file coords19.txt (compact mmCIF, C-alpha atoms)
# COMPACT_ATOMS: atom_id res chain seq x y z
CA MET A 210 18.07 50.39 -3.12
CA ILE A 211 17.81 48.16 -6.15
CA ALA A 212 20.45 45.48 -6.34
CA SER A 213 20.95 45.27 -10.06
CA THR A 214 20.35 47.51 -13.01
CA GLU A 215 21.38 44.77 -15.41
CA ALA A 216 19.09 44.55 -18.42
CA SER A 217 16.12 42.33 -17.74
CA MET A 218 12.78 41.45 -19.20
CA ARG A 219 9.95 42.84 -17.12
CA ARG A 220 6.17 42.53 -16.92
CA VAL A 221 3.69 43.97 -14.43
CA GLU A 222 0.00 42.97 -14.50
CA SER A 223 -3.01 43.38 -12.24
CA ILE A 224 -4.32 39.84 -11.63
CA MET A 225 -6.04 37.95 -8.81
CA GLY A 226 -6.85 41.12 -6.88
CA THR A 227 -3.19 42.04 -6.63
CA THR A 228 -0.26 43.00 -8.81
CA VAL A 229 1.96 40.37 -10.37
CA SER A 230 5.50 41.38 -11.38
CA ILE A 231 7.83 39.24 -13.49
CA ASP A 232 11.56 39.70 -14.08
CA VAL A 233 13.47 37.45 -16.49
CA ARG A 234 17.26 37.59 -16.75
CA PRO A 235 19.29 35.86 -19.48
CA PRO A 236 18.61 33.46 -21.08
CA TYR A 237 15.51 35.40 -22.12
CA VAL A 238 12.25 33.89 -23.29
CA GLY A 239 9.95 35.27 -25.98
CA PRO A 240 7.37 37.87 -24.92
CA GLU A 241 4.64 35.37 -25.87
CA VAL A 242 5.80 33.18 -22.96
CA LEU A 243 5.03 35.95 -20.47
CA ASP A 244 1.71 36.51 -22.29
CA ALA A 245 0.93 32.83 -21.68
CA VAL A 246 1.89 33.13 -17.99
CA VAL A 247 -0.46 36.08 -17.54
CA ALA A 248 -3.27 34.35 -19.49
CA GLN A 249 -2.95 31.20 -17.40
CA LEU A 250 -3.07 33.18 -14.14
CA ARG A 251 -6.22 34.99 -15.33
CA ASP A 252 -7.82 31.70 -16.35
CA ILE A 253 -7.15 30.07 -12.97
CA ASP A 254 -8.40 33.18 -11.19
CA ALA A 255 -11.68 32.98 -13.10
CA ARG A 256 -12.16 29.29 -12.44
CA PHE A 257 -11.42 29.52 -8.72
CA SER A 258 -12.94 32.90 -7.89
CA THR A 259 -15.35 32.89 -4.96
CA TYR A 260 -16.63 36.25 -6.19
CA ARG A 261 -17.96 34.90 -9.48
CA ALA A 262 -21.18 32.92 -9.19
CA ASP A 263 -20.34 30.91 -12.31
CA SER A 264 -16.85 29.78 -11.21
CA GLU A 265 -16.30 26.09 -10.55
CA VAL A 266 -15.57 26.79 -6.89
CA SER A 267 -18.76 28.81 -6.44
CA ARG A 268 -20.79 26.10 -8.13
CA LEU A 269 -19.16 23.51 -5.87
CA GLY A 270 -19.87 25.65 -2.81
CA CYS A 271 -23.59 25.87 -3.54
CA GLY A 272 -23.90 22.21 -4.46
CA GLU A 273 -24.58 22.83 -8.15
CA LEU A 274 -21.40 20.93 -9.06
CA ARG A 275 -20.34 17.66 -7.46
CA ALA A 276 -16.67 17.30 -6.43
CA GLU A 277 -16.25 14.19 -8.60
CA ASP A 278 -17.48 16.12 -11.64
CA ALA A 279 -15.08 19.01 -11.12
CA SER A 280 -12.01 19.51 -13.32
CA LEU A 281 -8.69 17.84 -12.47
CA ASP A 282 -7.28 21.18 -11.31
CA VAL A 283 -10.15 21.78 -8.91
CA ARG A 284 -9.91 18.26 -7.54
CA HIS A 285 -6.15 18.69 -7.08
CA VAL A 286 -6.67 21.95 -5.19
CA LEU A 287 -9.32 20.45 -2.92
CA ALA A 288 -7.13 17.43 -2.17
CA ALA A 289 -4.13 19.65 -1.45
CA CYS A 290 -6.23 21.85 0.85
CA ASP A 291 -7.45 18.79 2.75
CA HIS A 292 -3.88 17.50 3.06
CA LEU A 293 -2.68 20.87 4.36
CA ALA A 294 -5.56 21.07 6.83
CA THR A 295 -4.49 17.68 8.21
CA VAL A 296 -0.78 18.50 8.35
CA THR A 297 -1.38 21.85 10.05
CA GLY A 298 -3.93 20.47 12.48
CA GLY A 299 -6.52 22.75 10.93
CA ALA A 300 -4.51 25.99 11.11
CA PHE A 301 -4.74 26.09 7.32
CA ASP A 302 -8.32 25.31 6.39
CA ALA A 303 -9.87 26.08 3.00
CA ARG A 304 -13.31 25.44 4.43
CA GLY A 305 -13.03 27.36 7.67
CA HIS A 306 -11.73 30.73 6.49
CA ARG A 307 -15.10 32.37 6.18
CA PRO A 308 -17.57 32.93 9.03
CA ASN A 309 -20.16 30.81 7.17
CA GLY A 310 -17.69 27.99 6.57
CA GLN A 311 -18.01 28.47 2.81
CA LEU A 312 -15.48 26.74 0.59
CA ASP A 313 -12.63 29.16 -0.10
CA PRO A 314 -9.44 27.59 -1.44
CA SER A 315 -8.04 31.00 -2.46
CA GLY A 316 -5.39 30.73 0.28
CA TYR A 317 -3.90 27.87 -1.73
CA VAL A 318 -4.87 28.78 -5.28
CA LYS A 319 -2.74 31.89 -5.71
CA GLY A 320 0.53 30.23 -4.76
CA TRP A 321 -0.31 27.13 -6.74
CA ALA A 322 -1.29 29.18 -9.81
CA VAL A 323 2.00 31.07 -9.77
CA GLU A 324 4.01 27.87 -9.21
CA GLU A 325 2.23 26.26 -12.19
CA ALA A 326 2.62 29.31 -14.42
CA ALA A 327 6.34 29.39 -13.65
CA TRP A 328 6.68 26.06 -15.45
CA LEU A 329 5.78 27.84 -18.68
CA ILE A 330 8.94 29.92 -18.33
CA ASP A 331 11.01 26.85 -17.45
CA GLY A 332 9.59 25.03 -20.45
CA ALA A 333 10.56 27.89 -22.73
CA GLY A 334 14.16 27.74 -21.54
CA GLY A 335 14.06 30.42 -18.84
CA ARG A 336 16.51 29.65 -16.02
CA ASN A 337 16.86 32.91 -14.11
CA TYR A 338 13.68 34.76 -13.21
CA TRP A 339 11.23 35.63 -10.49
CA ILE A 340 7.48 36.05 -10.30
CA ASN A 341 6.17 38.17 -7.42
CA ALA A 342 2.41 37.88 -6.87
CA GLY A 343 1.49 40.46 -4.27
CA GLY A 344 4.50 39.67 -2.09
CA ASP A 345 4.53 35.89 -2.65
CA ILE A 346 7.45 34.82 -4.78
CA VAL A 347 8.85 32.12 -7.04
CA ALA A 348 12.58 32.83 -7.56
CA ARG A 349 14.53 30.57 -9.92
CA GLY A 350 18.22 30.63 -10.68
CA HIS A 351 20.28 33.73 -10.10
CA ALA A 352 20.08 37.49 -10.57
CA GLU A 353 23.39 37.31 -12.41
CA PRO A 354 26.00 34.57 -12.59
CA GLY A 355 26.95 33.55 -9.07
CA ARG A 356 24.62 35.98 -7.28
CA PRO A 357 21.41 34.64 -5.71
CA TRP A 358 18.27 36.77 -5.76
CA ARG A 359 18.09 39.23 -2.88
CA VAL A 360 14.59 39.28 -1.41
CA GLY A 361 13.69 42.02 1.05
CA ILE A 362 11.24 41.17 3.81
CA ARG A 363 9.02 44.21 4.20
CA HIS A 364 9.10 45.99 7.53
CA PRO A 365 5.56 45.78 8.94
CA ASP A 366 5.41 49.46 9.90
CA ARG A 367 7.58 50.93 7.16
CA ALA A 368 6.35 50.21 3.64
CA ASP A 369 9.57 51.64 2.23
CA LYS A 370 11.93 49.63 4.46
CA MET A 371 12.98 46.04 4.91
CA ALA A 372 13.27 44.18 8.19
CA SER A 373 15.72 41.67 6.70
CA VAL A 374 17.13 40.48 3.40
CA LEU A 375 17.19 36.89 2.16
CA ALA A 376 19.48 35.45 -0.53
CA VAL A 377 17.63 32.70 -2.39
CA THR A 378 17.96 30.60 -5.50
CA ASP A 379 15.36 28.09 -6.69
CA ARG A 380 13.07 28.86 -3.79
CA ALA A 381 9.60 30.15 -3.04
CA VAL A 382 9.12 32.94 -0.50
CA ALA A 383 5.70 33.78 0.97
CA THR A 384 4.66 36.24 3.66
CA SER A 385 1.46 36.44 5.68
CA GLY A 386 0.84 39.46 7.83
CA ASP A 387 -1.65 41.78 9.46
CA TYR A 388 -0.54 45.07 7.96
CA GLU A 389 -1.98 45.02 4.43
CA ARG A 390 -5.52 43.73 4.54
CA GLY A 391 -6.21 43.95 8.26
CA ALA A 392 -6.25 41.02 10.65
CA HIS A 393 -8.04 38.79 8.18
CA ILE A 394 -6.32 35.51 8.89
CA ALA A 395 -8.22 33.66 11.58
CA ASP A 396 -6.85 30.62 13.35
CA ALA A 397 -9.27 28.13 11.86
CA ARG A 398 -8.78 25.82 14.82
CA VAL A 399 -10.38 28.18 17.31
CA GLY A 400 -12.04 30.77 15.08
CA ARG A 401 -10.29 33.78 16.55
CA ALA A 402 -8.00 36.35 15.00
CA ALA A 403 -4.36 35.33 14.93
CA SER A 404 -2.22 37.15 17.47
CA GLY A 405 1.33 37.62 18.65
CA LEU A 406 2.87 38.03 15.21
CA ARG A 407 2.89 40.90 12.73
CA SER A 408 4.12 38.81 9.85
CA VAL A 409 5.47 35.39 8.96
CA THR A 410 7.74 34.73 5.98
CA VAL A 411 8.32 31.14 4.90
CA VAL A 412 10.98 29.94 2.44
CA GLY A 413 10.37 26.58 0.78
CA PRO A 414 10.65 24.58 -2.44
CA GLY A 415 7.27 25.33 -4.08
CA LEU A 416 5.03 28.38 -3.67
CA ALA A 417 1.73 26.51 -3.21
CA PHE A 418 2.74 24.81 0.04
CA THR A 419 5.12 27.58 1.12
CA ASP A 420 2.27 30.11 0.94
CA ALA A 421 -0.10 27.78 2.80
CA TYR A 422 2.48 27.20 5.55
CA ALA A 423 3.03 30.95 5.94
CA THR A 424 -0.73 31.30 6.45
CA ALA A 425 -0.80 28.41 8.92
CA VAL A 426 2.22 29.56 10.97
CA PHE A 427 0.79 33.09 11.16
CA ALA A 428 -2.52 31.66 12.37
CA MET A 429 -0.76 29.52 14.99
CA GLY A 430 1.07 32.53 16.42
CA ARG A 431 4.40 32.17 18.21
CA ASP A 432 4.06 28.39 18.49
CA GLY A 433 3.92 28.22 14.72
CA LEU A 434 7.64 28.61 14.14
CA GLY A 435 8.47 25.74 16.45
CA TRP A 436 5.80 23.69 14.75
CA LEU A 437 7.28 24.35 11.27
CA ALA A 438 10.81 23.59 12.45
CA SER A 439 9.89 20.23 13.99
CA ASN A 440 6.99 18.85 11.96
CA PRO A 441 8.21 15.94 9.80
CA GLU A 442 6.35 17.33 6.79
CA THR A 443 8.07 20.70 6.97
CA ALA A 444 11.23 20.50 9.09
CA ALA A 445 13.66 19.59 6.33
CA ASP A 446 12.52 21.88 3.51
CA TYR A 447 10.87 24.93 5.06
CA ALA A 448 12.21 27.81 7.14
CA ALA A 449 10.30 30.62 8.83
CA TYR A 450 11.05 34.22 9.83
CA SER A 451 8.59 36.23 11.85
CA ILE A 452 8.20 39.74 13.18
CA THR A 453 6.41 39.75 16.52
CA ASP A 454 3.96 42.35 17.78
CA ASP A 455 6.56 43.51 20.31
CA GLY A 456 9.02 44.50 17.60
CA ARG A 457 11.33 41.52 17.50
CA ALA A 458 12.29 39.14 14.76
CA ILE A 459 12.39 35.41 15.44
CA TRP A 460 13.41 32.77 12.96
CA THR A 461 14.00 29.05 12.70
CA GLU A 462 17.44 27.52 12.41
CA GLY A 463 16.85 26.77 8.73
CA MET A 464 16.40 30.48 7.95
CA GLU A 465 20.04 31.13 8.90
CA HIS A 466 20.89 29.68 5.51
CA TYR A 467 19.06 32.50 3.70
CA LEU A 468 19.48 35.56 5.92
CA VAL A 469 21.93 38.13 4.59
CA ARG A 470 23.90 39.52 7.49
CA GLU A 471 25.76 42.50 6.14
CA GLY A 472 22.52 44.20 5.09
CA MET B 20 4.59 -20.93 22.16
CA PRO B 21 7.08 -21.78 19.46
CA LYS B 22 10.26 -19.75 19.25
CA ARG B 23 9.62 -18.55 15.74
CA GLY B 24 6.28 -17.20 16.85
CA LEU B 25 8.04 -15.14 19.47
CA ALA B 26 10.41 -13.82 16.85
CA ALA B 27 7.47 -12.76 14.74
CA LEU B 28 5.94 -11.14 17.80
CA ALA B 29 9.13 -9.22 18.47
CA ILE B 30 9.07 -7.87 14.94
CA THR B 31 5.42 -6.98 15.36
CA THR B 32 6.35 -5.11 18.53
CA VAL B 33 9.02 -3.14 16.76
CA ALA B 34 6.62 -2.38 13.94
CA LEU B 35 4.08 -1.11 16.45
CA ILE B 36 6.66 1.10 18.07
CA LEU B 37 7.71 2.46 14.73
CA LEU B 38 4.06 3.17 14.07
CA LEU B 39 3.79 4.85 17.45
CA SER B 40 6.80 7.02 16.90
CA PHE B 41 5.63 8.11 13.47
CA LYS B 42 2.01 8.61 14.41
CA THR B 43 2.69 11.34 16.88
CA PRO B 44 3.88 14.17 14.62
CA ASP B 45 0.32 14.62 13.35
CA GLU B 46 -0.39 16.50 16.50
CA ILE B 47 0.16 20.13 17.22
CA PRO B 48 2.11 21.14 20.33
CA GLY B 49 -0.25 22.41 22.97
CA SER B 50 -3.24 20.55 21.63
CA THR B 51 -5.16 18.70 24.28
CA THR B 52 -5.98 15.64 22.27
CA GLY B 53 -3.04 13.32 22.26
CA THR B 54 -4.15 9.78 22.64
CA VAL B 55 -2.27 7.44 20.41
CA ALA B 56 -4.68 5.21 18.57
CA VAL B 57 -2.19 2.35 18.45
CA VAL B 58 -2.14 1.90 22.23
CA GLU B 59 -5.44 0.07 22.00
CA PRO B 60 -6.15 -3.63 22.07
CA VAL B 61 -5.16 -5.11 18.77
CA THR B 62 -7.34 -8.14 18.29
CA GLY B 63 -7.42 -10.79 15.70
CA THR B 64 -3.78 -10.58 14.69
CA THR B 65 -2.72 -14.15 14.10
CA ILE B 66 0.89 -14.97 14.70
CA VAL B 67 1.96 -17.44 12.06
CA PRO B 68 5.19 -19.22 12.91
CA GLY B 69 7.78 -18.81 10.24
CA VAL B 70 6.29 -15.70 8.79
CA THR B 71 8.75 -12.87 9.08
CA ALA B 72 6.52 -9.88 9.45
CA ALA B 73 8.23 -6.73 8.30
CA PRO B 74 7.30 -3.19 9.27
CA THR B 75 4.93 -1.75 6.70
CA ALA B 76 5.75 1.21 4.53
CA THR B 77 3.85 3.59 6.79
CA ALA B 78 5.96 2.57 9.72
CA ALA B 79 9.24 2.64 7.88
CA PRO B 80 11.69 5.03 9.52
CA THR B 81 13.53 7.72 7.63
CA ALA B 82 17.29 7.60 7.59
CA SER B 83 17.64 10.55 9.92
CA GLY B 84 15.19 9.41 12.53
CA ALA B 85 15.54 5.65 12.49
CA PRO B 86 14.48 4.28 15.84
CA LYS B 87 16.97 1.78 17.22
CA ALA B 88 16.10 -1.27 19.25
CA THR B 89 18.33 -1.63 22.25
CA ALA B 90 17.04 -4.82 23.85
CA THR B 91 15.63 -8.15 22.79
CA PRO B 92 12.15 -9.15 23.91
CA ALA B 93 11.70 -11.52 26.82
CA PRO B 94 8.47 -13.41 27.33
CA THR B 95 6.82 -13.30 30.74
CA ALA B 96 4.71 -16.24 31.77
CA ALA B 97 1.17 -15.43 32.77
CA SER B 98 -1.77 -17.50 33.94
CA GLY B 99 -4.61 -18.87 31.84
CA GLY B 100 -2.73 -19.58 28.62
CA THR B 101 -1.97 -15.92 28.21
CA THR B 102 1.57 -14.80 27.49
CA LYS B 103 2.94 -11.34 27.94
CA VAL B 104 5.80 -10.29 25.72
CA ASP B 105 7.75 -7.20 26.55
CA GLY B 106 8.98 -5.46 23.45
CA PRO B 107 12.45 -3.99 23.18
CA VAL B 108 13.11 -0.48 24.39
CA VAL B 109 13.16 1.55 21.23
CA GLU B 110 14.84 4.92 21.07
CA THR B 111 12.61 7.24 19.07
CA ARG B 112 13.22 10.90 18.44
CA TYR B 113 10.74 11.57 21.25
CA GLY B 114 12.48 9.36 23.77
CA PRO B 115 12.44 5.65 24.71
CA VAL B 116 9.31 3.67 23.97
CA GLN B 117 8.50 0.13 25.11
CA VAL B 118 5.29 -1.79 24.70
CA GLU B 119 4.06 -5.08 26.08
CA LEU B 120 1.96 -7.49 24.04
CA VAL B 121 -0.63 -9.66 25.72
CA VAL B 122 -0.93 -12.81 23.67
CA SER B 123 -3.55 -15.51 24.02
CA GLY B 124 -4.15 -18.41 21.67
CA GLY B 125 -1.56 -17.10 19.26
CA LYS B 126 -3.36 -13.77 18.96
CA ILE B 127 -2.45 -10.36 20.28
CA LYS B 128 -5.13 -9.42 22.77
CA ASP B 129 -3.72 -6.22 24.10
CA VAL B 130 -0.89 -3.78 23.72
CA VAL B 131 0.21 -1.87 26.79
CA ALA B 132 2.67 0.98 26.77
CA LEU B 133 5.29 0.23 29.44
CA GLN B 134 7.53 3.16 28.77
CA LEU B 135 6.81 6.43 27.05
CA PRO B 136 8.93 9.53 26.51
CA SER B 137 9.36 11.34 29.81
CA GLY B 138 6.85 13.94 30.80
CA ARG B 139 4.05 12.40 28.79
CA ARG B 140 0.97 10.93 30.29
CA SER B 141 0.39 7.28 29.59
CA GLY B 142 -1.00 6.72 26.14
CA GLN B 143 0.01 10.17 25.02
CA ILE B 144 3.20 10.52 23.06
CA SER B 145 3.28 13.93 21.52
CA ASN B 146 5.88 16.54 21.98
CA TYR B 147 8.09 18.31 19.54
CA SER B 148 11.64 18.76 20.59
CA ALA B 149 12.17 22.45 21.21
CA PRO B 150 13.63 23.87 18.01
CA ILE B 151 16.32 26.48 18.11
CA LEU B 152 14.77 29.87 17.42
CA HIS B 153 16.84 32.97 16.85
CA ASP B 154 15.60 36.25 18.22
CA GLU B 155 16.66 39.85 17.83
CA ALA B 156 15.17 43.33 17.57
CA VAL B 157 13.82 44.31 14.17
CA GLN B 158 15.87 46.87 12.30
CA ALA B 159 14.67 48.95 9.38
CA GLN B 160 17.04 48.29 6.50
CA SER B 161 17.72 49.93 3.19
CA ALA B 162 19.66 47.13 1.56
CA ASN B 163 20.24 46.28 -2.06
CA ILE B 164 17.42 44.02 -3.13
CA ASP B 165 15.91 42.58 -6.30
CA LEU B 166 12.35 42.16 -5.04
CA VAL B 167 10.20 42.32 -1.89
CA SER B 168 8.18 39.75 0.01
CA GLY B 169 5.37 41.06 2.16
CA ALA B 170 1.79 40.44 3.18
CA THR B 171 -0.35 40.37 0.05
CA TYR B 172 -1.22 43.84 -1.11
CA THR B 173 -4.26 44.84 -3.11
CA SER B 174 -3.70 46.41 -6.50
CA ASP B 175 -4.14 49.77 -4.70
CA GLY B 176 -1.67 48.81 -1.99
CA TYR B 177 0.84 47.91 -4.67
CA ALA B 178 1.11 51.55 -5.75
CA GLN B 179 2.66 52.42 -2.38
CA SER B 180 4.88 49.36 -2.23
CA LEU B 181 8.60 49.14 -2.57
CA GLN B 182 8.02 46.48 -5.20
CA ALA B 183 6.23 49.10 -7.33
CA ALA B 184 9.28 51.36 -7.11
CA ILE B 185 11.52 48.46 -8.11
CA ASP B 186 9.26 47.61 -11.03
CA GLN B 187 9.17 51.21 -12.16
CA ALA B 188 12.94 51.44 -12.11
CA GLY B 189 13.26 48.12 -13.92
CA ILE B 190 10.77 48.95 -16.65
CA GLY B 191 11.36 52.68 -16.92

call {"tool": "encode", "arguments": {"input": "coords19.txt", "output": "structure tokens"}}
result
Amino acid sequence: MIASTEASMRRVESIMGTTVSIDVRPPYVGPEVLDAVVAQLRDIDARFSTYRADSEVSRLGCGELRAEDASLDVRHVLAACDHLATVTGGAFDARGHRPNGQLDPSGYVKGWAVEEAAWLIDGAGGRNYWINAGGDIVARGHAEPGRPWRVGIRHPDRADKMASVLAVTDRAVATSGDYERGAHIADARVGRAASGLRSVTVVGPGLAFTDAYATAVFAMGRDGLGWLASNPETAADYAAYSITDDGRAIWTEGMEHYLVREG
Amino acid sequence: MPKRGLAALAITTVALILLLSFKTPDEIPGSTTGTVAVVEPVTGTTIVPGVTAAPTATAAPTASGAPKATATPAPTAASGGTTKVDGPVVETRYGPVQVELVVSGGKIKDVVALQLPSGRRSGQISNYSAPILHDEAVQAQSANIDLVSGATYTSDGYAQSLQAAIDQAGIG
């Protein structure tokens, strides 16, 4: 079941309401680097939490803090969310997630936080590693020389099985679906629950946008894959794989590059 | 109208078409709003003879999707000092596009879409080419993997996940 038993450096932490796993293969980095990764993820979680009344995002939401007075990070996140809302025609919307329209950039923040934290490992000389934050992944380099990372796409009805396997190197992989936290992703454009798809997995260059596009495509439903494959912002760099509610898998042409056929 | 002015107009026409062809992807297939803002009267644009207007950065085509002009513009005489200039037919990734400029007193008074990609209503140029999608029944696999991507689990959900088993084996 597990591809490699080669010695690796591992870390598992409960952060951001989920579990974050890290696996570093040679060249290794010092344990303090992974400490810094975990600390940075916790810090971002605190500053962007919608559950903490004193977080920057909460203070922005209630008008206590003006957008122009917010930190650079917060302003970056808000700008990125606005850009993604435009590109996706509103299918990804940091302001429309909640019934009350409250500001909630958490659909962007997690992927962005992991993408940023990964730079700490790069900066320390790490070349081959992955970070998996609750199913959303940054995978750099290789599992071992010449072998890309093998990423299983969870079967929606079988927690212990995969529907497919992807071989990736230097890519982000993110999945949105209805089977873990209920049908919580609404299509922000029409305010109804997304339908037609059980899950959407997107492969792309950086986790922040890859994660947001997985959310958007899932919200769009079956049209979403065609949208991702033909939109000028996404067509060249992003690929999507989806499991439909009638038990089929559909994927864009670009995903052919990653799908492992022999199983 | 001086010849150089016409040349500048032709370039303006091409620039407009480039703008048209790169404006459309903002829209989502199936959305009902699809009017292209550019197919509106453009007023106040002075044509200065000798100035070689170049398409702006926003209208610049990418290498892969560079629209190609296939005809040169030909002016059509019209009454009342107004000149109509038909732009070239430009092949965009959405199909052929041609616009006509209505010029009066050296200024563009109107832009009319003469030809739009087939199947589109006038003034509406939005359709993604149908991408190739692969489709097959989902199989449950037990393949060799390093990690698992799935819908975000809670910390509780993690305990039951395949990723947890992988982590346990890796750390244990």

call {"tool": "interface_residues", "arguments": {"input": "coords19.txt", "of": "chain A", "to": "chain B", "cutoff": "7 Å", "atoms": "only C-alpha atoms", "output": "PyMOL selection string"}}
result
chain A and resi 210-213+219+223+226-228+296+298+343-346+358-364+368-373+382-386+389+435+438-441+456-462+472

call {"tool": "closest_residue", "arguments": {"input": "coords19.txt", "among": "A:Ala300, A:Val283, A:Val374, A:Ala352", "to": "Asn337 of chain A", "atoms": "all atoms listed in the file"}}
result
A:Ala352

call {"tool": "atom_distance", "arguments": {"input": "coords19.txt", "atom1": "atom CA of Thr453 of chain A", "atom2": "atom CA of Gly405 of chain A"}}
result
5.9 Å

call {"tool": "atom_distance", "arguments": {"input": "coords19.txt", "atom1": "atom CA of Asp331 of chain A", "atom2": "atom CA of Arg251 of chain A"}}
result
19.2 Å

call {"tool": "atom_distance", "arguments": {"input": "coords19.txt", "atom1": "atom CA of Tyr422 of chain A", "atom2": "atom CA of Ile330 of chain A"}}
result
24.9 Å

call {"tool": "axis_aligned_box", "arguments": {"input": "coords19.txt", "around": "segment 152-159 of chain B", "padding_each_side": "5 Å", "output": "JSON"}}
result
{"center_x": 15.3, "center_y": 39.4, "center_z": 13.8, "size_x": 13.0, "size_y": 29.1, "size_z": 18.8}

call {"tool": "residues_around", "arguments": {"input": "coords19.txt", "residues": "His351 of chain A", "least_positions_apart": "5", "cutoff": "12 Å", "atoms": "all atoms listed in the file", "output": "list in words"}}
result
Ser213, Asp232, Val233, Arg234, Pro235, Pro236, Gly335, Arg336, Asn337, Tyr338, Trp339, Arg356, Pro357, Trp358, Arg359, Val360, Ala376, Val377, Thr378, Asp379 and Arg380 of chain A; Asp165 of chain B

call {"tool": "residues_around", "arguments": {"input": "coords19.txt", "residues": "Val246 of chain A", "least_positions_apart": "4", "cutoff": "12 Å", "atoms": "all atoms listed in the file", "output": "VMD selection string"}}
result
chain A and resid 220 to 222 224 229 to 231 238 to 242 250 to 253 322 to 333 340
